[in-house]
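Q: Following this message is one structure expressed as structure tokens.
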Amino acid sequence: MSQEVVDEREAATDEGIDSAKEANENKLTERKISWAKLRRVDSFNLEAGQVSTGGGHSSKVDWRRTLILAFQSMGVVYGDIGTSPLYVFSSTFTDHKIENKDDIIGVLSLIIYTIVLVPMLKYVFIVLRANDNGDGGTFALYSLICRSARVGLIPNDQPEDRQLSNYRLDTPSNQLRRAQKIREKLENSKTSKIVLFLITILGTSMVIGDGVLTPCISVLSAVSGISSLGKDAVVGISVAILIVLFSVQRFGTDKVGLSFAPIILLWFTFIGGIGLYNLFKYNPGVLRAFNPGYAVDYFRRNGKKGWISLGGVVLCITGTEAMFADLGHFNIQAIQISFSGIVFPALLAAYSGQAAYLTKFPGEVEHTFYNSIPDPLYWPTFVIAVAAAIIASQAMISGAFAIISQSLSLGCFPRVKVVHTSAKYEGQVYIPEINYLLMIACVIVCVGFKTTEKIGNAYGIAVVAVMVITTCMVTLIMLVIWKTSVWWIALFLVVFSSIEAVYLSSVLYKFKQGGFLPLAFSFVLMVVMGVWHYVHKERYMFELRNKVSSDYIKDLTVNPHINRVPGIGLLYSELVQGIPPIFPHFIANVPSIHSVLIFVSIKNIPISKVALEERFLFRHVEPRDYRMFRCVVRYGYKDLIERPKEFEQQLVENLKEFIRHESYISEARMGEQSEQMTEPMNLQHSTILVNDGIVGRSGRSGRSSTIHVVESQQQNHPCVSSGSIQSIQVDGKLTNSFSKMVTSPIQGAEEEMQIIQKAKEKGVVYLLGEAEVVAEENSSLFKQIAVNYAYSFLRKNFRQGEKVLEIPRARLLRVGMTYEI
């Protein structure tokens, strides 16, 4: 080692070790224990960075930006709940008769307190806090739980994943014993893992079902304003609007997105203003509904009939889940401001005005909304209502696309083509196959049901079921992650589960009148998602049990019949530990290996996004001079898989950085060992902390690059062992910052990087295994049906892996193999 490098390392060590040692001691101890378990061929040499790039949405957002986001959220989040006044009263009084005018005040009281308790109290002030780095929805809740406890069904968890900046959970330190016990029970119970997974895909299926029901009920109720043409004409116009709506999905919503917020804001202005007009013109006395006693009296008078009518009342909170699911585009403060300041008062005014109108004209309950509009405002309101219904439909359709895209990344849905329609908003995607399936389903539902009352029976089940699932999952998050006081948890669970259980029982009563529809949708989707994920997991377990031994690789290197061909070969596998069994099958069919061979595993992490600097994990496959590497490429469920040219560039650059870093660490270790020869140390572990940069008064470097080298004293080889793991912490871009530290890598590393660059210039070939999965002969009948028929049907009728990854066919080599699971 040169004197210059030694001096630099010693100076940085003396300066930085004291300030960093105490802060890192507990963390390093925990990591050393994890790494000790990894000292085998499956472990990685080098972590892909511990980059402190705060993920998600910052909690410190200036108020100007927050107000802009609050305005933008109007067009994305509230279209569904904003169009509910079109059909709530008509769906509540299904026989279109009001026998007692006090029933109107009773129903209004139920509407008021339902909106106050569920959207306002539960979602706006509690559930929004359970976000995953700024993202919401059922998958966000599931990912939080998976990160806190190892409850995923696929055993591909790695200690390196927990070093990702977006992976970490900031949790309070109290109530640790209770949380630890619950976590252990979840991790040790296979039943709990399966139940949690089924609940997640059930909630997901219900939201996808909303993508069918929301367009139907919103457009049909809006077009009903021209009911003078007859019911068939209304249905025909609604179907035409739906077909046009789904046909333009491929263009995306980016270009028209700016017009959404003003239209919805104008819509809330109209319904709020008309509501206040009707309230003061017809009967201000309906404001007595703020007394909850009128709701109690309503149930006393009507008994079972009042309980059944709750299926219509609950429609006043349709779209509430969108506040949480669409959180990723905004922030918590923006949602709280827009709902509390605009949506909530406008809805209360709209429902109060309709109630006041019905006290004077109780026979017009079937078309309450349009009949209560003053004549000069009728047609402007009709036009805005249709626009608002289309926007509400658009939001739910886009939400269904986004959820399916997330399901794909977690291996819970068959492969489909995902088209990203906006360069500005990464969450806006379009899935052609799903789009046309949703369109066909919408047309069938609209033609089959024809009225909003029947569709409302189906809609209510989907709405309430998602809310019940959210309540259960947030309660679990309170127990395991937030570690809230048990009394607050009990209060949250009892209050909201009681409310939602009553509503759920009411909507389920209308099972035969249309309530079966979302359950049928959900059952089909759950079967598809469950079968696909089950076989996906069994495939992974098969590869894990049959992974290639290190002896096979060693024998391969001395086999004279194996030829090395120029270029880089990327062999894809889902296995993150070891070499997949498809590799020997490749060699048996094509007895040649590229000059650089990389076993690539695309791994999806239960977080929304993985920083680019943290995406790649590499390790050498022994023997090193054979230039074989393992690479795990980590993506969050909202990350995009790059196009081949961009992906190849990123992979090769990160591989060269890996080699450069490893050579520096090897050189540092050799220097450490030479010092240990002169001054023996009786330590179980030794740590080198090299800090390049100017340390300020606070002890922190303005532009720093840090390497932590943690090794067991048992490792005496001068090279970096395959069992040890090092982390590189870089403030800024990994490739730029760290290259300043490694000013002169050893000659062997420089040569190896040149060889890799030349191999890339020769061309990159993708090696893809086509595994045909079949059930074992002694398998149960259920397993044989699920694997041999259901999974086979899905696999043949959906996209293949190379189409999803957009691999060029001219550079693709496929080899088939049969997996018996």
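Chain labels A, B, ... are given in the sequence in which chains occur in the structure tokens; within each chain residues are numbered consecutively from 1, and ligands are likewise numbered from 1 in the order shown.
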May I have all residues of stretch 511-579 of chain A that DSSP, computed from the backbone, assigns to alpha helix (DSSP H), given as number ranges by chain?
A: A: 516-545, 550-557
Q: With C-alpha atoms retained, could you export that selection as a short mmCIF file (atom, residue, chain, number, x, y, z; two decimals), in the first residue's frame?
A:
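Listed below is the output, result_24.cif:
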data_model
loop_
_atom_site.label_atom_id
_atom_site.label_comp_id
_atom_site.auth_asym_id
_atom_site.auth_seq_id
_atom_site.Cartn_x
_atom_site.Cartn_y
_atom_site.Cartn_z
CA PHE A 516 -73.51 -10.43 -5.03
CA LEU A 517 -71.77 -8.52 -7.83
CA PRO A 518 -68.70 -7.13 -5.98
CA LEU A 519 -68.35 -10.41 -4.10
CA ALA A 520 -68.34 -12.29 -7.41
CA PHE A 521 -65.75 -9.85 -8.82
CA SER A 522 -63.62 -10.21 -5.71
CA PHE A 523 -63.87 -14.00 -5.70
CA VAL A 524 -62.66 -14.25 -9.30
CA LEU A 525 -59.84 -11.76 -8.72
CA MET A 526 -58.80 -13.45 -5.48
CA VAL A 527 -58.66 -16.84 -7.19
CA VAL A 528 -56.51 -15.39 -9.98
CA MET A 529 -54.21 -13.55 -7.58
CA GLY A 530 -54.07 -16.41 -5.06
CA VAL A 531 -53.27 -19.10 -7.64
CA TRP A 532 -50.63 -16.96 -9.31
CA HIS A 533 -48.92 -16.04 -6.02
CA TYR A 534 -49.10 -19.62 -4.73
CA VAL A 535 -47.35 -21.05 -7.80
CA HIS A 536 -44.95 -18.10 -7.79
CA LYS A 537 -43.98 -18.99 -4.21
CA GLU A 538 -43.71 -22.73 -4.97
CA ARG A 539 -41.48 -22.00 -7.98
CA TYR A 540 -39.21 -19.98 -5.75
CA MET A 541 -39.08 -22.76 -3.14
CA PHE A 542 -38.27 -25.32 -5.87
CA GLU A 543 -35.36 -23.20 -7.08
CA LEU A 544 -34.20 -22.66 -3.51
CA ARG A 545 -34.18 -26.42 -2.80
CA SER A 550 -20.35 -24.44 -5.51
CA ASP A 551 -18.66 -27.72 -6.52
CA TYR A 552 -20.53 -27.66 -9.83
CA ILE A 553 -19.19 -24.17 -10.59
CA LYS A 554 -15.65 -25.24 -9.72
CA ASP A 555 -15.93 -28.29 -11.98
CA LEU A 556 -17.30 -26.06 -14.72
CA THR A 557 -14.23 -23.82 -14.70
#
Q: Please, what distance in Å, to one decimal, runs between atom CA of A:Ala810 and atom CA of A:Val576?
A: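 Rounded to one decimal, the two atoms are 27.0 Å apart.
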Q: Which polymer residues have any atom within 8 Å of an atom of A:Ile582, counting only C-alpha atoms, with same-chain residues fewer than 4 positions away left out, as a ChimeraX atom specification?
A: /A:586,769,817
Q: From the set A:Ser238, A:Gln354, A:Thr138, A:Thr200, which residue has the shortest atom-to-atom contact distance to A:Val445, counting only C-alpha atoms?
A: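 Distance minimum relative to A:Val445 lands on A:Ser238.
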Q: Can you pull out the residues contacting A:Asp210? Cut-off 12 Å, using only C-alpha atoms, and skip same-chain residues under 2 positions away; I want them as a ChimeraX atom specification.
A: /A:80,203-208,212-218,318-322,392-401,403,438,441-442,455-456,458-466,517-519,521-522
Q: I'd like the neighbourhood of stretch 330-342 of chain A as a ChimeraX atom specification, where a residue qualifies if any of its atoms comes within 9 Å (using only C-alpha atoms), though same-chain residues fewer than 3 positions away should be ignored.
A: /A:57-59,61,65-74,77-78,119-120,124-125,128-129,134-135,265,268-269,323-324,326-327,345-347
Q: Write to file, as a compact mmCIF listing (two decimals), in the first residue's frame, the residues of the selection just made, with N, CA and C atoms.
A:
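To be explicit, this is the file written out as result-v4.txt:
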# COMPACT_ATOMS: atom_id res chain seq x y z
N HIS A 57 -42.55 11.60 1.09
CA HIS A 57 -42.81 13.02 1.07
C HIS A 57 -42.30 13.62 2.35
N SER A 58 -41.64 14.70 2.20
CA SER A 58 -41.10 15.38 3.37
C SER A 58 -42.22 15.92 4.23
N SER A 59 -42.00 15.82 5.55
CA SER A 59 -42.99 16.36 6.46
C SER A 59 -42.93 17.88 6.53
N VAL A 61 -43.14 20.67 4.35
CA VAL A 61 -43.52 21.22 3.05
C VAL A 61 -44.03 22.63 3.28
N ARG A 65 -46.75 25.50 -1.26
CA ARG A 65 -46.78 24.23 -1.98
C ARG A 65 -47.92 23.34 -1.48
N THR A 66 -48.17 23.36 -0.19
CA THR A 66 -49.25 22.55 0.37
C THR A 66 -50.61 23.01 -0.15
N LEU A 67 -50.81 24.32 -0.24
CA LEU A 67 -52.09 24.83 -0.74
C LEU A 67 -52.27 24.48 -2.22
N ILE A 68 -51.18 24.51 -2.99
CA ILE A 68 -51.28 24.11 -4.40
C ILE A 68 -51.66 22.63 -4.50
N LEU A 69 -51.03 21.80 -3.67
CA LEU A 69 -51.37 20.38 -3.66
C LEU A 69 -52.80 20.15 -3.21
N ALA A 70 -53.26 20.96 -2.26
CA ALA A 70 -54.65 20.82 -1.80
C ALA A 70 -55.62 21.12 -2.95
N PHE A 71 -55.29 22.13 -3.75
CA PHE A 71 -56.14 22.45 -4.91
C PHE A 71 -56.09 21.32 -5.93
N GLN A 72 -54.90 20.81 -6.22
CA GLN A 72 -54.76 19.73 -7.21
C GLN A 72 -55.47 18.46 -6.76
N SER A 73 -55.49 18.23 -5.45
CA SER A 73 -56.13 17.00 -4.95
C SER A 73 -57.63 16.99 -5.20
N MET A 74 -58.22 18.16 -5.41
CA MET A 74 -59.66 18.22 -5.66
C MET A 74 -60.05 17.38 -6.87
N VAL A 77 -58.87 13.21 -6.01
CA VAL A 77 -59.30 12.44 -4.84
C VAL A 77 -60.81 12.44 -4.64
N TYR A 78 -61.48 13.58 -4.90
CA TYR A 78 -62.84 13.76 -4.39
C TYR A 78 -63.94 13.64 -5.44
N PRO A 119 -64.96 9.49 7.11
CA PRO A 119 -63.95 10.21 6.33
C PRO A 119 -63.14 11.21 7.16
N MET A 120 -63.84 12.00 7.98
CA MET A 120 -63.15 13.07 8.72
C MET A 120 -62.27 12.52 9.83
N VAL A 124 -59.00 11.12 7.67
CA VAL A 124 -58.23 12.35 7.58
C VAL A 124 -57.25 12.51 8.74
N PHE A 125 -57.65 12.09 9.94
CA PHE A 125 -56.80 12.34 11.10
C PHE A 125 -56.09 11.10 11.66
N LEU A 128 -54.48 8.35 7.50
CA LEU A 128 -53.47 8.98 6.64
C LEU A 128 -52.08 8.91 7.24
N ARG A 129 -51.98 8.78 8.54
CA ARG A 129 -50.67 8.66 9.18
C ARG A 129 -50.02 7.31 8.89
N GLY A 134 -45.15 8.15 2.29
CA GLY A 134 -46.00 9.07 1.55
C GLY A 134 -47.03 8.40 0.69
N ASP A 135 -46.99 7.08 0.53
CA ASP A 135 -47.96 6.37 -0.30
C ASP A 135 -48.99 5.66 0.58
N LEU A 265 -63.85 21.58 -8.24
CA LEU A 265 -64.05 22.72 -7.35
C LEU A 265 -65.33 23.47 -7.73
N PHE A 268 -68.28 21.39 -6.46
CA PHE A 268 -68.56 21.57 -5.03
C PHE A 268 -69.17 22.94 -4.77
N THR A 269 -68.75 23.93 -5.53
CA THR A 269 -69.35 25.26 -5.38
C THR A 269 -70.82 25.23 -5.75
N MET A 323 -59.00 8.90 -0.65
CA MET A 323 -58.18 9.88 0.06
C MET A 323 -56.87 9.25 0.52
N PHE A 324 -56.96 8.00 0.93
CA PHE A 324 -55.77 7.29 1.40
C PHE A 324 -54.99 6.68 0.24
N ASP A 326 -54.78 7.60 -2.88
CA ASP A 326 -54.15 8.58 -3.76
C ASP A 326 -53.22 9.52 -3.02
N LEU A 327 -52.86 9.18 -1.80
CA LEU A 327 -52.01 10.05 -1.00
C LEU A 327 -50.64 10.27 -1.63
N PRO A 345 -67.68 20.92 4.19
CA PRO A 345 -68.81 21.86 4.26
C PRO A 345 -69.71 21.82 3.03
N ALA A 346 -69.14 21.59 1.83
CA ALA A 346 -69.96 21.53 0.63
C ALA A 346 -70.91 20.34 0.68
N LEU A 347 -70.42 19.19 1.14
CA LEU A 347 -71.28 18.01 1.24
C LEU A 347 -72.38 18.21 2.27
